[in-house]
$ cat input_20.tsv   # TSV, C-alpha atoms
chain	number	residue	atom	x	y	z
P	1	MET	CA	60.73	-65.80	-53.87
P	2	THR	CA	58.31	-67.64	-51.63
P	3	ALA	CA	57.47	-66.35	-48.19
P	4	LEU	CA	57.93	-69.04	-45.55
P	5	LEU	CA	56.51	-66.91	-42.79
P	6	ARG	CA	54.27	-63.88	-43.05
P	7	LEU	CA	52.84	-61.72	-40.26
P	8	GLU	CA	50.35	-59.06	-41.29
P	9	ASP	CA	49.17	-56.18	-39.12
P	10	VAL	CA	49.71	-58.24	-36.02
P	11	ALA	CA	48.92	-56.87	-32.59
P	12	CYS	CA	49.93	-58.48	-29.32
P	13	ILE	CA	48.49	-57.92	-25.85
P	14	ARG	CA	50.08	-59.57	-22.82
P	15	GLY	CA	48.19	-59.18	-19.58
P	16	ASP	CA	46.70	-55.73	-20.03
P	17	ARG	CA	49.73	-54.31	-21.82
P	18	LEU	CA	49.73	-53.60	-25.50
P	19	LEU	CA	53.15	-54.72	-26.75
P	20	PHE	CA	52.86	-53.77	-30.42
P	21	VAL	CA	50.27	-53.10	-33.12
P	22	ARG	CA	50.26	-53.20	-36.92
P	23	LEU	CA	53.43	-55.18	-37.08
P	24	SER	CA	54.06	-56.85	-40.42
P	25	LEU	CA	57.00	-58.92	-41.49
P	26	THR	CA	57.82	-61.45	-44.16
P	27	LEU	CA	60.52	-64.10	-44.11
P	28	GLU	CA	61.53	-65.54	-47.45
P	29	ARG	CA	63.80	-68.44	-48.23
P	30	GLY	CA	67.35	-67.64	-47.23
P	31	ALA	CA	66.30	-64.60	-45.22
P	32	ALA	CA	67.14	-63.78	-41.64
P	33	LEU	CA	65.63	-61.10	-39.44
P	34	TRP	CA	67.03	-59.89	-36.14
P	35	LEU	CA	64.48	-58.74	-33.59
P	36	ARG	CA	66.42	-56.38	-31.37
P	37	GLY	CA	65.42	-54.29	-28.43
P	38	PRO	CA	65.55	-54.07	-24.66
P	39	ASN	CA	64.02	-56.59	-22.23
P	40	GLY	CA	60.25	-56.51	-22.29
P	41	ALA	CA	60.03	-55.03	-25.78
P	42	GLY	CA	58.03	-58.04	-26.99
P	43	LYS	CA	60.72	-60.03	-28.77
P	44	SER	CA	59.76	-63.32	-27.15
P	45	SER	CA	56.06	-62.64	-27.60
P	46	LEU	CA	56.61	-62.03	-31.30
P	47	ILE	CA	58.52	-65.32	-31.56
P	48	ARG	CA	55.69	-67.14	-29.79
P	49	LEU	CA	53.16	-65.48	-32.09
P	50	ALA	CA	55.14	-66.62	-35.12
P	51	ALA	CA	55.34	-70.13	-33.65
P	52	GLY	CA	51.58	-70.25	-33.16
P	53	LEU	CA	51.91	-70.59	-29.39
P	54	LEU	CA	50.15	-67.26	-28.88
P	55	ARG	CA	47.18	-65.99	-30.80
P	56	PRO	CA	47.51	-62.45	-32.12
P	57	ALA	CA	45.00	-59.94	-30.77
P	58	ALA	CA	44.61	-58.75	-34.36
P	59	GLY	CA	46.11	-59.59	-37.73
P	60	THR	CA	47.16	-62.85	-39.32
P	61	VAL	CA	50.12	-65.18	-39.01
P	62	GLU	CA	50.83	-67.45	-41.94
P	63	ARG	CA	53.32	-70.31	-41.86
P	64	ARG	CA	54.13	-72.23	-45.03
P	65	GLU	CA	56.54	-74.75	-43.60
P	66	ARG	CA	57.54	-76.66	-40.50
P	67	ILE	CA	58.98	-74.71	-37.61
P	68	ALA	CA	61.81	-75.28	-35.16
P	69	LEU	CA	61.82	-73.21	-32.00
P	70	ILE	CA	64.31	-72.30	-29.30
P	71	ASP	CA	62.97	-70.53	-26.26
P	72	GLU	CA	64.10	-70.28	-22.66
P	73	ALA	CA	63.23	-73.94	-21.99
P	74	THR	CA	65.46	-76.64	-23.45
P	75	ALA	CA	62.74	-79.30	-23.74
P	76	LEU	CA	65.33	-82.06	-23.26
P	77	ASP	CA	64.69	-84.70	-20.60
P	78	ALA	CA	67.10	-83.89	-17.77
P	79	GLU	CA	67.62	-87.50	-16.68
P	80	LEU	CA	68.61	-88.80	-20.13
P	81	PRO	CA	72.04	-88.76	-21.76
P	82	LEU	CA	72.16	-85.91	-24.28
P	83	ARG	CA	72.18	-88.21	-27.28
P	84	ARG	CA	69.03	-90.05	-26.20
P	85	ALA	CA	67.27	-86.80	-25.32
P	86	LEU	CA	67.98	-85.51	-28.84
P	87	ASP	CA	66.96	-88.85	-30.34
P	88	PHE	CA	63.53	-88.44	-28.79
P	89	TRP	CA	62.91	-85.26	-30.79
P	90	ALA	CA	64.38	-86.89	-33.88
P	91	ARG	CA	61.71	-89.59	-33.57
P	92	ILE	CA	59.02	-86.94	-33.05
P	93	ASP	CA	60.29	-85.11	-36.16
P	94	THR	CA	60.71	-88.45	-37.99
P	95	VAL	CA	64.30	-87.73	-39.02
P	96	ASP	CA	67.00	-90.41	-38.80
P	97	GLY	CA	69.95	-90.71	-36.48
P	98	HIS	CA	72.39	-89.27	-39.03
P	99	ALA	CA	70.65	-85.92	-38.81
P	100	VAL	CA	71.27	-85.97	-35.05
P	101	ASP	CA	74.93	-86.96	-35.61
P	102	ARG	CA	75.47	-84.07	-38.01
P	103	ALA	CA	73.69	-81.58	-35.77
P	104	MET	CA	75.77	-82.66	-32.77
P	105	ASP	CA	78.94	-82.27	-34.83
P	106	ASP	CA	77.83	-78.80	-35.93
P	107	MET	CA	77.48	-77.70	-32.33
P	108	ALA	CA	80.57	-79.66	-31.12
P	109	LEU	CA	78.46	-81.84	-28.84
P	110	ALA	CA	79.82	-85.26	-29.79
P	111	PRO	CA	82.02	-85.53	-26.63
P	112	LEU	CA	78.94	-84.83	-24.48
P	113	ALA	CA	76.72	-87.49	-26.05
P	114	GLU	CA	76.68	-89.72	-22.95
P	115	VAL	CA	76.43	-86.91	-20.39
P	116	PRO	CA	73.02	-86.55	-18.73
P	117	VAL	CA	71.28	-83.33	-19.71
P	118	SER	CA	71.00	-82.34	-16.05
P	119	MET	CA	74.82	-82.18	-15.83
P	120	LEU	CA	75.21	-79.78	-18.76
P	121	SER	CA	76.06	-76.12	-18.24
P	122	THR	CA	73.82	-73.29	-19.44
P	123	GLY	CA	75.84	-72.76	-22.59
P	124	GLN	CA	76.00	-76.47	-23.32
P	125	ARG	CA	72.21	-76.70	-22.96
P	126	LYS	CA	71.78	-73.87	-25.45
P	127	ARG	CA	74.08	-75.72	-27.83
P	128	ALA	CA	71.99	-78.86	-27.30
P	129	ALA	CA	68.79	-76.93	-28.04
P	130	MET	CA	70.44	-75.60	-31.18
P	131	ALA	CA	71.37	-79.15	-32.20
P	132	ARG	CA	67.70	-80.10	-31.75
P	133	VAL	CA	66.73	-77.27	-34.10
P	134	ILE	CA	69.36	-78.22	-36.70
P	135	ALA	CA	68.41	-81.92	-36.58
P	136	SER	CA	64.70	-81.19	-36.99
P	137	GLY	CA	65.23	-80.19	-40.62
P	138	ALA	CA	62.48	-77.58	-40.32
P	139	PRO	CA	62.83	-74.73	-42.83
P	140	ILE	CA	61.71	-71.98	-40.43
P	141	TRP	CA	63.88	-71.36	-37.38
P	142	LEU	CA	62.53	-69.23	-34.57
P	143	LEU	CA	65.39	-68.56	-32.18
P	144	ASP	CA	64.68	-66.70	-28.96
P	145	GLU	CA	67.98	-65.65	-27.34
P	146	PRO	CA	69.80	-68.72	-28.68
P	147	ALA	CA	73.22	-67.42	-27.63
P	148	ASN	CA	72.48	-66.80	-23.95
P	149	GLY	CA	75.28	-68.36	-21.92
P	150	MET	CA	77.25	-69.40	-24.99
P	151	ASP	CA	80.99	-68.74	-25.15
P	152	ASP	CA	82.61	-67.17	-28.23
P	153	ALA	CA	83.40	-70.50	-29.89
P	154	ALA	CA	79.82	-71.70	-29.46
P	155	GLN	CA	78.46	-68.41	-30.80
P	156	ALA	CA	80.66	-68.79	-33.87
P	157	ARG	CA	79.19	-72.27	-34.39
P	158	LEU	CA	75.69	-70.85	-33.98
P	159	VAL	CA	76.38	-68.16	-36.59
P	160	ALA	CA	77.85	-70.79	-38.93
P	161	GLY	CA	74.79	-72.96	-38.39
P	162	ILE	CA	72.49	-70.08	-39.29
P	163	ALA	CA	74.50	-69.35	-42.43
P	164	LYS	CA	74.35	-73.00	-43.52
P	165	HIS	CA	70.61	-73.13	-42.90
P	166	ARG	CA	70.04	-69.98	-45.00
P	167	ALA	CA	72.24	-71.33	-47.79
P	168	ASN	CA	69.98	-74.39	-47.86
P	169	GLY	CA	66.91	-72.20	-48.34
P	170	GLY	CA	65.85	-71.90	-44.72
P	171	ALA	CA	64.70	-68.76	-42.94
P	172	VAL	CA	65.61	-67.50	-39.50
P	173	LEU	CA	63.80	-65.20	-37.11
P	174	LEU	CA	66.26	-64.31	-34.39
P	175	ALA	CA	65.48	-62.51	-31.16
P	176	SER	CA	68.50	-61.31	-29.26
P	177	HIS	CA	69.30	-58.34	-27.08
P	178	PHE	CA	72.87	-58.25	-28.38
P	179	ALA	CA	74.42	-58.50	-31.83
P	180	LEU	CA	75.56	-61.98	-32.81
P	181	GLY	CA	77.55	-61.05	-35.88
P	182	VAL	CA	75.33	-62.82	-38.37
P	183	PRO	CA	76.19	-61.42	-41.82
P	184	ASP	CA	73.58	-59.98	-44.18
P	185	LEU	CA	70.94	-59.57	-41.52
P	186	ALA	CA	67.76	-57.51	-41.64
P	187	GLU	CA	66.82	-55.75	-38.41
P	188	LEU	CA	63.61	-54.93	-36.64
P	189	ASP	CA	64.03	-52.71	-33.61
P	190	MET	CA	61.24	-53.75	-31.22
P	191	GLY	CA	62.23	-50.97	-28.83
P	192	ALA	CA	61.21	-48.40	-31.42
P	193	LEU	CA	57.71	-49.89	-31.79
P	194	ALA	CA	56.53	-49.20	-28.28
J	195	MET	CA	52.32	-92.53	-35.73
J	196	THR	CA	56.01	-93.08	-34.95
J	197	ALA	CA	55.93	-89.77	-33.15
J	198	LEU	CA	52.94	-90.77	-31.02
J	199	ILE	CA	54.60	-94.05	-30.08
J	200	ALA	CA	57.76	-92.14	-29.11
J	201	LEU	CA	55.63	-89.85	-26.99
J	202	PHE	CA	53.90	-92.80	-25.35
J	203	TRP	CA	57.18	-94.54	-24.49
J	204	ARG	CA	58.64	-91.35	-23.12
J	205	ASP	CA	55.75	-90.97	-20.69
J	206	LEU	CA	55.93	-94.62	-19.68
J	207	ARG	CA	59.68	-94.45	-19.22
J	208	ARG	CA	59.38	-91.35	-17.09
J	209	ALA	CA	56.65	-92.95	-15.00
J	210	TRP	CA	58.49	-96.20	-14.39
J	211	GLY	CA	62.06	-94.97	-14.53
J	212	SER	CA	61.85	-92.25	-11.93
J	213	GLY	CA	60.56	-94.49	-9.17
J	214	ALA	CA	57.57	-92.17	-8.87
J	215	LEU	CA	55.47	-95.11	-9.97
J	216	TRP	CA	56.01	-96.92	-6.71
J	217	LEU	CA	54.63	-94.10	-4.66
J	218	PRO	CA	50.94	-94.63	-5.48
J	219	VAL	CA	51.35	-98.40	-5.30
J	220	LEU	CA	53.11	-98.14	-1.98
J	221	PHE	CA	50.41	-95.82	-0.72
J	222	PHE	CA	47.76	-98.28	-1.84
J	223	LEU	CA	49.46	-101.10	0.07
J	224	LEU	CA	50.00	-98.87	3.06
J	225	VAL	CA	46.29	-98.19	3.40
J	226	ALA	CA	45.53	-101.88	3.05
J	227	THR	CA	48.10	-102.64	5.74
J	228	ALA	CA	46.92	-99.95	8.13
J	229	PHE	CA	43.22	-100.74	7.88
J	230	PRO	CA	43.33	-104.11	9.73
J	231	PHE	CA	45.32	-102.46	12.51
J	232	ALA	CA	42.64	-99.81	12.85
J	233	VAL	CA	39.53	-102.02	12.84
J	234	GLY	CA	41.08	-105.12	14.39
J	235	PRO	CA	41.86	-108.56	12.98
J	236	ASP	CA	38.25	-109.65	12.76
J	237	ALA	CA	38.14	-111.56	9.46
J	238	PRO	CA	34.35	-111.32	8.74
J	239	LEU	CA	34.39	-107.57	9.43
J	240	LEU	CA	37.51	-107.08	7.28
J	241	ARG	CA	35.94	-109.09	4.49
J	242	ARG	CA	32.82	-106.91	4.56
J	243	ALA	CA	34.51	-103.52	4.85
J	244	GLY	CA	37.78	-104.36	3.05
J	245	GLY	CA	36.38	-104.26	-0.48
J	246	GLY	CA	35.22	-100.69	-0.05
J	247	MET	CA	38.54	-99.83	1.52
J	248	VAL	CA	40.36	-101.16	-1.55
J	249	TRP	CA	38.31	-98.81	-3.71
J	250	VAL	CA	38.99	-95.81	-1.50
J	251	ALA	CA	42.71	-96.61	-1.50
J	252	ALA	CA	42.76	-97.03	-5.29
J	253	LEU	CA	41.02	-93.70	-5.75
J	254	LEU	CA	43.29	-91.84	-3.37
J	255	SER	CA	46.43	-93.37	-4.85
J	256	ALA	CA	45.27	-92.15	-8.26
J	257	LEU	CA	45.48	-88.59	-6.91
J	258	LEU	CA	49.15	-88.87	-5.94
J	259	PRO	CA	50.88	-88.67	-9.32
J	260	ILE	CA	48.94	-85.61	-10.52
J	261	ASP	CA	51.78	-83.14	-10.04
J	262	ARG	CA	54.17	-85.02	-12.31
J	263	LEU	CA	51.82	-85.62	-15.24
J	264	VAL	CA	51.77	-82.21	-16.93
J	265	LYS	CA	53.70	-79.60	-14.96
J	266	PRO	CA	57.22	-80.97	-15.61
J	267	ASP	CA	56.51	-81.15	-19.35
J	268	LYS	CA	55.14	-77.64	-19.33
J	269	ASP	CA	58.11	-76.25	-17.39
J	270	ALA	CA	60.61	-78.03	-19.63
J	271	GLY	CA	58.97	-76.59	-22.74
J	272	VAL	CA	58.08	-80.03	-24.08
J	273	LEU	CA	54.41	-79.12	-24.51
J	274	ASP	CA	55.33	-75.96	-26.43
J	275	GLN	CA	57.66	-77.92	-28.68
J	276	LEU	CA	54.91	-80.43	-29.44
J	277	ALA	CA	52.42	-77.63	-30.15
J	278	VAL	CA	54.90	-75.98	-32.52
J	279	ARG	CA	55.09	-79.25	-34.42
J	280	GLY	CA	51.36	-79.13	-34.97
J	281	PHE	CA	50.24	-81.90	-32.64
J	282	ALA	CA	46.66	-81.35	-31.50
J	283	ASP	CA	46.40	-80.83	-27.76
J	284	GLU	CA	43.68	-83.47	-27.62
J	285	LEU	CA	46.02	-86.00	-29.23
J	286	ILE	CA	48.80	-85.23	-26.74
J	287	ALA	CA	46.28	-85.56	-23.91
J	288	ALA	CA	45.03	-88.88	-25.29
J	289	VAL	CA	48.56	-90.31	-25.55
J	290	LYS	CA	49.34	-89.16	-22.04
J	291	ILE	CA	46.12	-90.72	-20.72
J	292	VAL	CA	46.92	-94.06	-22.34
J	293	ALA	CA	50.47	-93.98	-20.98
J	294	HIS	CA	49.24	-93.07	-17.52
J	295	ALA	CA	46.50	-95.70	-17.57
J	296	ILE	CA	49.11	-98.36	-18.33
J	297	GLY	CA	51.90	-96.90	-16.23
J	298	PHE	CA	49.73	-96.49	-13.17
J	299	GLY	CA	46.99	-99.07	-13.77
J	300	LEU	CA	49.09	-102.18	-14.28
J	301	PRO	CA	51.08	-101.88	-11.02
J	302	LEU	CA	47.86	-101.02	-9.19
J	303	LEU	CA	46.22	-104.23	-10.40
J	304	ILE	CA	49.27	-106.20	-9.32
J	305	ALA	CA	49.27	-104.52	-5.91
J	306	LEU	CA	45.61	-105.43	-5.59
J	307	LEU	CA	46.56	-109.04	-4.86
J	308	PRO	CA	48.57	-108.46	-1.65
J	309	ALA	CA	46.14	-105.73	-0.62
J	310	SER	CA	43.21	-108.11	-0.96
J	311	ALA	CA	45.04	-110.74	1.06
J	312	LEU	CA	45.65	-108.22	3.85
J	313	LEU	CA	41.95	-107.37	3.88
J	314	ALA	CA	40.77	-110.99	3.96
J	315	GLN	CA	39.09	-110.89	0.55
J	316	ASP	CA	38.30	-114.31	-0.93
J	317	SER	CA	39.08	-115.17	-4.55
J	318	ALA	CA	35.60	-114.34	-5.87
J	319	ARG	CA	35.75	-110.87	-4.34
J	320	VAL	CA	39.31	-110.33	-5.58
J	321	GLU	CA	38.05	-111.13	-9.07
J	322	THR	CA	35.21	-108.63	-8.71
J	323	LEU	CA	37.57	-106.00	-7.35
J	324	ALA	CA	40.09	-106.53	-10.15
J	325	THR	CA	37.36	-106.33	-12.79
J	326	GLY	CA	35.95	-103.15	-11.31
J	327	ILE	CA	39.28	-101.41	-10.90
J	328	ALA	CA	40.38	-102.45	-14.38
J	329	ILE	CA	37.19	-100.86	-15.73
J	330	ALA	CA	37.78	-97.70	-13.70
J	331	ILE	CA	41.48	-97.23	-14.56
J	332	PRO	CA	41.02	-95.45	-17.93
J	333	ALA	CA	38.60	-93.02	-16.28
J	334	LEU	CA	40.91	-92.46	-13.32
J	335	ALA	CA	43.77	-91.78	-15.74
J	336	SER	CA	41.58	-89.32	-17.68
J	337	LEU	CA	40.59	-87.49	-14.53
J	338	ALA	CA	44.16	-87.41	-13.27
J	339	LEU	CA	45.43	-85.89	-16.50
J	340	LEU	CA	42.55	-83.42	-16.66
J	341	SER	CA	43.19	-82.07	-13.20
J	342	ALA	CA	46.96	-82.14	-13.80
J	343	ALA	CA	46.45	-79.97	-16.89
J	344	LEU	CA	44.04	-77.65	-15.11
J	345	THR	CA	46.35	-77.08	-12.16
J	346	ALA	CA	49.76	-77.03	-13.92
J	347	ASN	CA	49.92	-73.24	-13.66
J	348	LEU	CA	49.03	-73.15	-9.96
J	349	LYS	CA	51.26	-73.36	-6.95
J	350	GLY	CA	50.41	-76.39	-4.83
J	351	GLY	CA	48.32	-77.60	-7.74
J	352	SER	CA	48.24	-81.24	-6.75
J	353	ALA	CA	46.17	-80.56	-3.63
J	354	ILE	CA	43.59	-78.65	-5.65
J	355	GLY	CA	43.82	-81.29	-8.33
J	356	GLY	CA	42.70	-83.87	-5.79
J	357	LEU	CA	39.67	-81.80	-4.90
J	358	LEU	CA	38.80	-81.55	-8.59
J	359	ILE	CA	38.97	-85.28	-9.15
J	360	LEU	CA	37.13	-86.47	-6.09
J	361	PRO	CA	33.55	-85.39	-6.88
J	362	LEU	CA	33.86	-86.68	-10.44
J	363	ALA	CA	35.20	-90.00	-9.25
J	364	VAL	CA	32.53	-90.61	-6.59
J	365	PRO	CA	30.12	-92.40	-8.98
J	366	MET	CA	32.86	-94.89	-9.79
J	367	LEU	CA	33.44	-95.43	-6.10
J	368	ILE	CA	29.74	-96.09	-5.53
J	369	PHE	CA	29.28	-98.47	-8.44
J	370	GLY	CA	32.68	-100.10	-8.04
J	371	ALA	CA	32.15	-100.90	-4.38
J	372	GLY	CA	28.53	-101.72	-5.22
J	373	MET	CA	29.73	-104.59	-7.41
J	374	LEU	CA	30.76	-106.39	-4.22
J	375	ASP	CA	27.20	-106.38	-2.90
J	376	PRO	CA	25.37	-109.60	-3.87
J	377	SER	CA	22.33	-107.50	-4.82
J	378	GLY	CA	24.36	-105.11	-6.97
J	379	ARG	CA	24.33	-106.95	-10.26
J	380	GLY	CA	23.74	-103.86	-12.39
J	381	ALA	CA	26.60	-102.02	-10.74
J	382	VAL	CA	29.22	-103.25	-13.20
J	383	LYS	CA	27.27	-101.85	-16.13
J	384	LEU	CA	26.81	-98.51	-14.41
J	385	LEU	CA	30.50	-98.47	-13.51
J	386	ALA	CA	31.41	-99.19	-17.12
J	387	ALA	CA	29.07	-96.44	-18.32
J	388	VAL	CA	30.55	-93.85	-15.97
J	389	SER	CA	34.09	-94.93	-16.83
J	390	LEU	CA	33.37	-94.77	-20.55
J	391	LEU	CA	31.89	-91.29	-20.24
J	392	LEU	CA	34.84	-89.94	-18.28
J	393	THR	CA	37.35	-91.66	-20.56
J	394	VAL	CA	35.78	-90.15	-23.68
J	395	ILE	CA	35.51	-86.66	-22.21
J	396	GLY	CA	39.05	-86.81	-20.80
J	397	PRO	CA	41.20	-86.13	-23.88
J	398	PHE	CA	39.01	-83.24	-25.05
J	399	ALA	CA	38.75	-81.57	-21.66
J	400	ALA	CA	42.43	-82.10	-20.90
J	401	GLY	CA	43.36	-80.93	-24.40
J	402	ALA	CA	41.45	-77.70	-23.85
J	403	ALA	CA	43.22	-77.28	-20.51
J	404	LEU	CA	46.61	-77.81	-22.18
J	405	ARG	CA	45.72	-75.14	-24.73
J	406	GLY	CA	44.81	-72.83	-21.89
J	407	LEU	CA	48.26	-73.25	-20.35
J	408	ARG	CA	49.82	-71.41	-23.28
J	409	GLU	CA	47.72	-68.26	-23.04

$ encode --input "input_20.tsv" --output "structure tokens"
Amino acid sequence: MTALLRLEDVACIRGDRLLFVRLSLTLERGAALWLRGPNGAGKSSLIRLAAGLLRPAAGTVERRERIALIDEATALDAELPLRRALDFWARIDTVDGHAVDRAMDDMALAPLAEVPVSMLSTGQRKRAAMARVIASGAPIWLLDEPANGMDDAAQARLVAGIAKHRANGGAVLLASHFALGVPDLAELDMGALA
Amino acid sequence: MTALIALFWRDLRRAWGSGALWLPVLFFLLVATAFPFAVGPDAPLLRRAGGGMVWVAALLSALLPIDRLVKPDKDAGVLDQLAVRGFADELIAAVKIVAHAIGFGLPLLIALLPASALLAQDSARVETLATGIAIAIPALASLALLSAALTANLKGGSAIGGLLILPLAVPMLIFGAGMLDPSGRGAVKLLAAVSLLLTVIGPFAAGAALRGLRE
């Protein structure tokens, strides 16, 4: 087993609050870990640490592979049709248009391809962000509340997408304040760390 | 490389597509139009003072687009997504500076022609003005992006951004307008030197500011 993502003895300080110390976790190929806990427990901060967007106050973060991230911002240009907004990230990730087609099918976005991103609903935007993650082809997925605003059908597609990614040897770090019903899921209760 | 080109086109498309591009150009022309009304239609006086006025207008119009250079990308999470993909902040800053220099500089140079006509500049002076402003554009773009990155976390950042730019841009104003003086033959070299310095510093300083936005 090879670890795609490893955090060792990580501590995180936001403002003057200590969120957690001595936190270690390892994500191997095919693994998924659910960060659970109440608001403010440090789930998003841990995701940003893992993504390299925050520096840990102590400890080391090691990433072996490319990363795809979902956070509260969609990062899709609001004025563009959805398809073109996703195509931009496909060019950045140097993947071809078929990857975008498949990802849009996975999240049932094909009918929305020509709709400007600004016209999409909250749940549709989350699905679009998920399609961006799927299309990127990155082995490590960092998903911060990916199901916010999603209806049941979309959540089922999200869970299926995660399962497919793991079957292909990818790893998922999932932060969510509610259970998504992902099978075979390790848990880390951030509320218990404080 | 493909990714950088995609990034460049995105910035250019957003600059030209949103109509925001016309704001600085319009402002530039507005100043050139208003100036003769203020000082009177005296052609020799306009010719003498107009060149400097063009420089002031160019500088001030460079301050206008500051609030749309970095803050929208930061709020939309685009900068985070690029950082996650391992792009160096300096590289992102450099691409944005190039896109802004072209997106803002080209229309400004085109608008220079009607502005010069309004200010009674003859063809030799228009040539000098165009040369000077073309030399200054990369530095103006660098400064604009730097202050945009520094103020992206602040409310009302664009006003402060203007204050940040102005002192750094004053040497360009002096040497640029100095090129119009018959005795100012060295001015173009000094202008080029200042512009080069600011252009080289720009990506590194703006990159550091972009990094600071994440903390």

$ closest_residue --input "input_20.tsv" --among "J:Leu276, J:Leu307, J:Ala243, J:Ala328" --to "chain P" --atoms "only C-alpha atoms"
J:Leu276

$ closest_residue --input "input_20.tsv" --among "P:Val21, P:Leu35, P:Val10, P:Val117" --to "Ala179 (chain P)" --atoms "all atoms listed in the file"
P:Leu35

$ interface_residues --input "input_20.tsv" --of "chain P" --to "chain J" --cutoff "7 Å" --atoms "only C-alpha atoms" --output "PDB file with C-alpha atoms, in the coordinates of the input"
ATOM      1  CA  ALA P  51      55.340 -70.130 -33.650  1.00  0.00           C
ATOM      2  CA  GLY P  52      51.580 -70.250 -33.160  1.00  0.00           C
ATOM      3  CA  LEU P  53      51.910 -70.590 -29.390  1.00  0.00           C
ATOM      4  CA  LEU P  54      50.150 -67.260 -28.880  1.00  0.00           C
ATOM      5  CA  ILE P  67      58.980 -74.710 -37.610  1.00  0.00           C
ATOM      6  CA  ALA P  73      63.230 -73.940 -21.990  1.00  0.00           C
ATOM      7  CA  THR P  74      65.460 -76.640 -23.450  1.00  0.00           C
ATOM      8  CA  ALA P  75      62.740 -79.300 -23.740  1.00  0.00           C
ATOM      9  CA  PHE P  88      63.530 -88.440 -28.790  1.00  0.00           C
ATOM     10  CA  ARG P  91      61.710 -89.590 -33.570  1.00  0.00           C
ATOM     11  CA  ILE P  92      59.020 -86.940 -33.050  1.00  0.00           C
ATOM     12  CA  THR P  94      60.710 -88.450 -37.990  1.00  0.00           C
TER      13      THR P  94
END

$ residues_around --input "input_20.tsv" --residues "Leu385 (chain J)" --least-positions-apart "6" --cutoff "7 Å" --atoms "only C-alpha atoms" --output "ChimeraX atom specification"
/J:366,369-370

$ residues_around --input "input_20.tsv" --residues "region 215-232 of chain J" --least-positions-apart "3" --cutoff "12 Å" --atoms "all atoms listed in the file" --output "CSV table (one decimal) with C-alpha atoms, keeping the file's coordinate frame"
chain,number,residue,atom,x,y,z
J,205,ASP,CA,55.8,-91.0,-20.7
J,206,LEU,CA,55.9,-94.6,-19.7
J,207,ARG,CA,59.7,-94.4,-19.2
J,208,ARG,CA,59.4,-91.4,-17.1
J,209,ALA,CA,56.6,-93.0,-15.0
J,210,TRP,CA,58.5,-96.2,-14.4
J,211,GLY,CA,62.1,-95.0,-14.5
J,212,SER,CA,61.8,-92.2,-11.9
J,235,PRO,CA,41.9,-108.6,13.0
J,236,ASP,CA,38.2,-109.6,12.8
J,237,ALA,CA,38.1,-111.6,9.5
J,238,PRO,CA,34.4,-111.3,8.7
J,239,LEU,CA,34.4,-107.6,9.4
J,240,LEU,CA,37.5,-107.1,7.3
J,241,ARG,CA,35.9,-109.1,4.5
J,243,ALA,CA,34.5,-103.5,4.8
J,244,GLY,CA,37.8,-104.4,3.0
J,245,GLY,CA,36.4,-104.3,-0.5
J,246,GLY,CA,35.2,-100.7,0.0
J,247,MET,CA,38.5,-99.8,1.5
J,248,VAL,CA,40.4,-101.2,-1.6
J,249,TRP,CA,38.3,-98.8,-3.7
J,250,VAL,CA,39.0,-95.8,-1.5
J,251,ALA,CA,42.7,-96.6,-1.5
J,252,ALA,CA,42.8,-97.0,-5.3
J,253,LEU,CA,41.0,-93.7,-5.8
J,254,LEU,CA,43.3,-91.8,-3.4
J,255,SER,CA,46.4,-93.4,-4.8
J,256,ALA,CA,45.3,-92.2,-8.3
J,257,LEU,CA,45.5,-88.6,-6.9
J,258,LEU,CA,49.2,-88.9,-5.9
J,259,PRO,CA,50.9,-88.7,-9.3
J,260,ILE,CA,48.9,-85.6,-10.5
J,262,ARG,CA,54.2,-85.0,-12.3
J,263,LEU,CA,51.8,-85.6,-15.2
J,294,HIS,CA,49.2,-93.1,-17.5
J,295,ALA,CA,46.5,-95.7,-17.6
J,296,ILE,CA,49.1,-98.4,-18.3
J,297,GLY,CA,51.9,-96.9,-16.2
J,298,PHE,CA,49.7,-96.5,-13.2
J,299,GLY,CA,47.0,-99.1,-13.8
J,300,LEU,CA,49.1,-102.2,-14.3
J,301,PRO,CA,51.1,-101.9,-11.0
J,302,LEU,CA,47.9,-101.0,-9.2
J,303,LEU,CA,46.2,-104.2,-10.4
J,304,ILE,CA,49.3,-106.2,-9.3
J,305,ALA,CA,49.3,-104.5,-5.9
J,306,LEU,CA,45.6,-105.4,-5.6
J,307,LEU,CA,46.6,-109.0,-4.9
J,308,PRO,CA,48.6,-108.5,-1.6
J,309,ALA,CA,46.1,-105.7,-0.6
J,310,SER,CA,43.2,-108.1,-1.0
J,311,ALA,CA,45.0,-110.7,1.1
J,312,LEU,CA,45.6,-108.2,3.8
J,313,LEU,CA,42.0,-107.4,3.9
J,314,ALA,CA,40.8,-111.0,4.0
J,315,GLN,CA,39.1,-110.9,0.6
